[in-house]
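Participant: What follows is target-v6.csv, CSV, C-alpha atoms.
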chain,number,residue,atom,x,y,z
A,19,MET,CA,0.0,0.0,0.0
A,20,GLN,CA,2.9,2.3,0.8
A,21,PRO,CA,4.4,2.1,-2.7
A,22,LEU,CA,1.0,2.8,-4.3
A,23,ILE,CA,0.5,6.0,-2.2
A,24,SER,CA,4.0,7.2,-3.1
A,25,LEU,CA,3.4,6.5,-6.8
A,26,LEU,CA,0.0,8.3,-6.6
A,27,ILE,CA,1.7,11.4,-4.9
A,28,ILE,CA,4.4,11.4,-7.7
A,29,VAL,CA,1.8,11.2,-10.5
A,30,VAL,CA,-0.3,14.0,-8.9
A,31,THR,CA,2.7,16.2,-8.3
A,32,ALA,CA,3.9,15.6,-11.9
A,33,ALA,CA,0.4,16.5,-13.2
A,34,VAL,CA,0.3,19.7,-11.1
A,35,VAL,CA,3.8,20.7,-12.3
A,36,TYR,CA,2.8,20.0,-15.9
A,37,ALA,CA,-0.3,22.1,-15.6
A,38,ILE,CA,1.7,25.0,-14.1
A,39,ILE,CA,4.3,24.8,-16.9
A,40,LYS,CA,1.6,24.6,-19.6
A,41,SER,CA,-0.4,27.6,-18.3
A,42,ASN,CA,2.8,29.7,-17.5
A,43,PRO,CA,1.2,32.2,-15.1
A,44,ASN,CA,4.3,34.5,-15.5
A,45,LYS,CA,4.1,34.7,-19.3
A,46,PRO,CA,3.9,38.3,-20.3
A,47,LYS,CA,0.7,39.3,-22.0
A,48,ALA,CA,1.0,40.2,-25.7
A,49,LEU,CA,0.7,43.9,-26.4
A,50,PRO,CA,-2.1,45.0,-28.8
A,51,LEU,CA,-1.0,45.4,-32.3
A,52,PRO,CA,-0.5,49.1,-33.3
A,53,SER,CA,-3.3,50.4,-35.3
A,54,GLY,CA,-1.1,52.3,-37.7
A,55,VAL,CA,-2.9,55.5,-36.8
A,56,PRO,CA,-1.2,57.8,-34.2
A,57,TYR,CA,-3.3,58.9,-31.3
A,58,GLU,CA,-4.8,62.3,-31.7
A,59,PRO,CA,-7.4,63.8,-29.3
A,60,THR,CA,-10.6,65.4,-30.5
A,61,LEU,CA,-11.2,69.0,-29.7
A,62,PRO,CA,-14.6,69.4,-28.0
A,63,ASP,CA,-17.1,72.1,-29.1
A,64,SER,CA,-17.3,73.8,-25.7
A,65,ALA,CA,-16.3,77.4,-25.2
A,66,PRO,CA,-12.9,78.2,-23.6
A,67,ALA,CA,-13.0,79.2,-19.9
A,68,LEU,CA,-9.9,81.5,-20.0
A,69,HIS,CA,-7.6,83.4,-22.3
A,70,TRP,CA,-4.0,83.6,-21.3
A,71,SER,CA,-1.5,86.4,-22.1
A,72,ASP,CA,2.1,87.2,-21.3
A,73,GLY,CA,2.3,90.6,-23.0
A,74,GLY,CA,3.4,89.4,-26.4
A,75,ARG,CA,6.6,87.6,-25.3
A,76,PHE,CA,5.8,84.2,-26.9
A,77,MET,CA,8.2,82.3,-24.6
A,78,VAL,CA,6.5,78.8,-24.6
A,79,GLU,CA,7.3,76.5,-27.5
A,80,VAL,CA,4.9,73.7,-28.4
A,81,MET,CA,6.4,70.2,-28.7
A,82,ASN,CA,5.5,68.9,-32.1
A,83,GLU,CA,6.4,65.9,-34.3
A,84,SER,CA,7.2,65.7,-37.9
A,85,ARG,CA,3.6,64.6,-38.7
A,86,TYR,CA,2.4,68.1,-37.8
A,87,GLN,CA,4.8,69.9,-40.2
A,88,PRO,CA,2.3,69.8,-43.2
A,89,THR,CA,-0.4,71.4,-40.9
A,90,LEU,CA,2.1,74.0,-39.7
A,91,ARG,CA,3.3,74.7,-43.2
A,92,ALA,CA,-0.3,75.4,-44.3
A,93,LEU,CA,-0.9,77.6,-41.3
A,94,ALA,CA,2.3,79.6,-41.9
A,95,GLY,CA,1.0,80.6,-45.3
A,96,GLY,CA,3.1,81.9,-48.2
A,97,HIS,CA,6.2,83.5,-46.7
A,98,GLY,CA,8.7,82.8,-49.5
A,99,ASP,CA,12.3,82.3,-48.4
A,100,ASN,CA,11.9,84.2,-45.1
A,101,ALA,CA,10.8,82.7,-41.8
A,102,ALA,CA,7.1,82.8,-41.1
A,103,ALA,CA,5.5,84.6,-38.1
A,104,ALA,CA,1.8,83.9,-38.7
A,105,PRO,CA,-0.4,85.0,-35.7
A,106,TYR,CA,-3.2,82.8,-34.5
A,107,VAL,CA,-5.2,82.0,-31.4
A,108,ALA,CA,-4.4,78.5,-30.0
A,109,THR,CA,-6.7,76.4,-28.0
A,110,LEU,CA,-5.2,74.4,-25.1
A,111,MET,CA,-7.0,71.2,-24.1
A,112,PRO,CA,-6.1,69.1,-21.1
A,113,ASP,CA,-5.9,65.6,-22.6
A,114,ASP,CA,-7.0,63.1,-19.9
A,115,ARG,CA,-7.2,60.2,-22.4
A,116,ASN,CA,-3.6,60.3,-23.5
A,117,ALA,CA,-2.1,56.9,-22.8
A,118,TYR,CA,1.4,58.1,-22.9
A,119,GLU,CA,1.2,61.0,-20.5
A,120,ASN,CA,-1.3,61.5,-17.7
A,121,GLU,CA,-1.0,65.3,-17.5
A,122,ALA,CA,-0.9,66.0,-21.3
A,123,VAL,CA,-2.1,69.3,-22.7
A,124,ALA,CA,-2.9,69.3,-26.4
A,125,VAL,CA,-2.5,72.4,-28.6
A,126,PHE,CA,-4.9,73.2,-31.5
A,127,ILE,CA,-4.9,76.0,-34.0
A,128,GLU,CA,-8.0,76.5,-36.1
A,129,GLY,CA,-9.3,73.1,-34.9
A,130,ARG,CA,-6.2,71.3,-36.1
A,131,MET,CA,-3.8,69.5,-33.8
A,132,VAL,CA,-0.3,71.1,-33.8
A,133,GLY,CA,1.4,69.4,-30.8
A,134,TYR,CA,1.6,69.2,-27.0
A,135,LEU,CA,3.0,71.3,-24.2
A,136,SER,CA,6.2,69.6,-22.8
A,137,GLN,CA,5.6,67.3,-19.9
A,138,LYS,CA,7.0,69.8,-17.4
A,139,ALA,CA,5.0,72.7,-19.0
A,140,SER,CA,1.8,70.5,-18.9
A,141,VAL,CA,2.1,69.9,-15.2
A,142,LYS,CA,2.6,73.6,-14.5
A,143,PHE,CA,-0.2,74.7,-16.8
A,144,ARG,CA,-2.7,72.3,-15.2
A,145,GLU,CA,-1.6,73.7,-11.9
A,146,LEU,CA,-2.4,77.2,-13.2
A,147,LEU,CA,-5.8,75.9,-14.4
A,148,ARG,CA,-6.6,74.5,-10.9
A,149,LYS,CA,-5.7,77.8,-9.3
A,150,LYS,CA,-8.1,79.6,-11.6
A,151,GLU,CA,-10.8,77.0,-10.8
A,152,ALA,CA,-10.8,75.9,-14.5
A,153,ALA,CA,-9.3,72.4,-14.1
A,154,GLY,CA,-9.9,70.3,-17.2
A,155,GLN,CA,-11.4,73.1,-19.2
A,156,LEU,CA,-10.3,74.6,-22.5
A,157,SER,CA,-8.5,77.8,-22.7
A,158,THR,CA,-7.0,80.0,-25.4
A,159,VAL,CA,-3.8,81.9,-25.9
A,160,ASP,CA,-2.3,84.0,-28.7
A,161,ALA,CA,0.2,82.0,-30.8
A,162,GLN,CA,2.5,82.3,-33.7
A,163,VAL,CA,3.6,79.7,-36.3
A,164,ARG,CA,7.2,80.5,-36.9
A,165,GLY,CA,10.0,79.1,-39.0
A,166,GLY,CA,10.1,77.6,-42.5
A,167,ALA,CA,12.9,79.8,-43.8
A,168,LEU,CA,15.1,78.6,-46.6
A,169,TRP,CA,18.6,77.9,-45.4
A,170,GLN,CA,21.3,76.3,-47.5
A,171,GLY,CA,18.7,75.2,-50.0
A,172,LYS,CA,16.5,73.4,-47.3
A,173,ARG,CA,13.3,74.5,-45.7
A,174,LEU,CA,13.7,74.7,-41.9
A,175,SER,CA,11.0,73.2,-39.6
A,176,TYR,CA,8.0,75.1,-38.3
A,177,VAL,CA,7.3,75.7,-34.6
A,178,VAL,CA,4.4,77.1,-32.6
A,179,VAL,CA,5.1,79.5,-29.8
A,180,LEU,CA,2.6,80.6,-27.2
A,181,ASP,CA,2.1,84.0,-25.4
A,182,VAL,CA,1.7,82.4,-22.0
A,183,GLU,CA,4.0,82.9,-19.0
A,184,PRO,CA,7.1,80.6,-19.1
A,185,LEU,CA,6.0,77.2,-17.7
A,186,GLU,CA,9.3,75.5,-17.2
A,187,LYS,CA,10.9,77.5,-14.4
Using structure tokens, write down the structure that the file contains.
Facilitator:
Amino acid sequence: MQPLISLLIIVVTAAVVYAIIKSNPNKPKALPLPSGVPYEPTLPDSAPALHWSDGGRFMVEVMNESRYQPTLRALAGGHGDNAAAAPYVATLMPDDRNAYENEAVAVFIEGRMVGYLSQKASVKFRELLRKKEAAGQLSTVDAQVRGGALWQGKRLSYVVVLDVEPLEK
């Protein structure tokens, strides 16, 4: 009887070990396949709560990617070989659905996405919104689309600068 119980324990232990190995509980879950379409938030139709101004200093630069360059080129308009300095009003939208940054602030000009505030600037800007009791709400600021000059036969990149107090102190 003793050898039969020992054999039974060995078989049950082997079955349990096999089940654990087969199910591999530590196996990392597969990431979802990229959709091929970069994330871009949608600007709501609500009215802005605030308009920011820093007296025309335009000290805050919007972080943008190469995919926004065609939009910025169109917004800059015809400026020939010289750099553009096209004036606009930008809309700043706290982006709570951004999977990459939890404090993101998206920047739109004429309803078109042109980039984000830097991570540090986003945190500071959201803090300013909370102080003005406008957390999570849209706001506007004067902006300029600059750049695009011809230099050594190549067109320089475009940037957006905002007339809001420096946010990366």
Participant: Tell me, as a list of chain:residue names, which residues lie within 9 Å of Asp99 (chain A), counting all atoms listed in the file; anything in the same chain fewer than 5 positions away does not count.
Facilitator: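 Everything that qualifies: A:Gly166, A:Ala167, A:Leu168, A:Trp169, A:Arg173.
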Participant: Go ahead and write the selection's residues with C-alpha atoms as a PDB file, in the coordinates of the input.
Facilitator:
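This is the output file selection_33.pdb:
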ATOM      1  CA  GLY A 166      10.100  77.600 -42.500  1.00  0.00           C
ATOM      2  CA  ALA A 167      12.900  79.800 -43.800  1.00  0.00           C
ATOM      3  CA  LEU A 168      15.100  78.600 -46.600  1.00  0.00           C
ATOM      4  CA  TRP A 169      18.600  77.900 -45.400  1.00  0.00           C
ATOM      5  CA  ARG A 173      13.300  74.500 -45.700  1.00  0.00           C
TER       6      ARG A 173
END
Participant: One number please: CA of Glu186 (chain A) to CA of Pro105 (chain A), in Å, one decimal.
Facilitator: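 Calculated distance between CA of Glu186 (chain A) and CA of Pro105 (chain A) is 22.9 Å.
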Participant: Skip Asp181 (chain A) itself and residues of its chain fewer than 5 positions away, then list as a PyMOL selection string all residues within 9 Å of it, counting only C-alpha atoms.
Facilitator: chain A and resi 70-78+159-162
Participant: What's the separation between CA of Gly95 (chain A) and CA of Gln170 (chain A), in Å to one decimal place?
Facilitator: 20.9 Å
Participant: Mind giving me the straight-line distance from CA of Ala103 (chain A) to CA of Val132 (chain A) in Å, one decimal?
Facilitator: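 CA of Val132 (chain A) lies 15.3 Å from CA of Ala103 (chain A).
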Participant: Nearest to Arg130 (chain A): which of A:Ala108, A:Ala37, A:Met81, A:Val177 is it, counting only C-alpha atoms?
Facilitator: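 That would be A:Ala108, the residue with the smallest distance to Arg130 (chain A).
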Participant: Counting all atoms listed in the file, which of A:Ala139, A:Ile38, A:Val179, A:Met131 gets nearest to Val163 (chain A)?
Facilitator: A:Val179
Participant: Around (-3.5, 61.0, -18.5), as given in the file, which residues come within 12 Å? Count all atoms listed in the file and list them as an NGL selection string.
Facilitator: :A and (59 or 112-124 or 137 or 140-141 or 144 or 154)
Participant: For each of A:Gly133, A:Pro184, A:Gly165, A:Pro21, take the minimum atom-to-atom distance to Val80 (chain A), counting only C-alpha atoms, then give the residue where this is smallest.
Facilitator: A:Gly133
Participant: Determine the nearest neighbour of Tyr176 (chain A) from the options A:Leu147, A:Ala94, A:Ile39, A:Val55, counting all atoms listed in the file.
Facilitator: A:Ala94
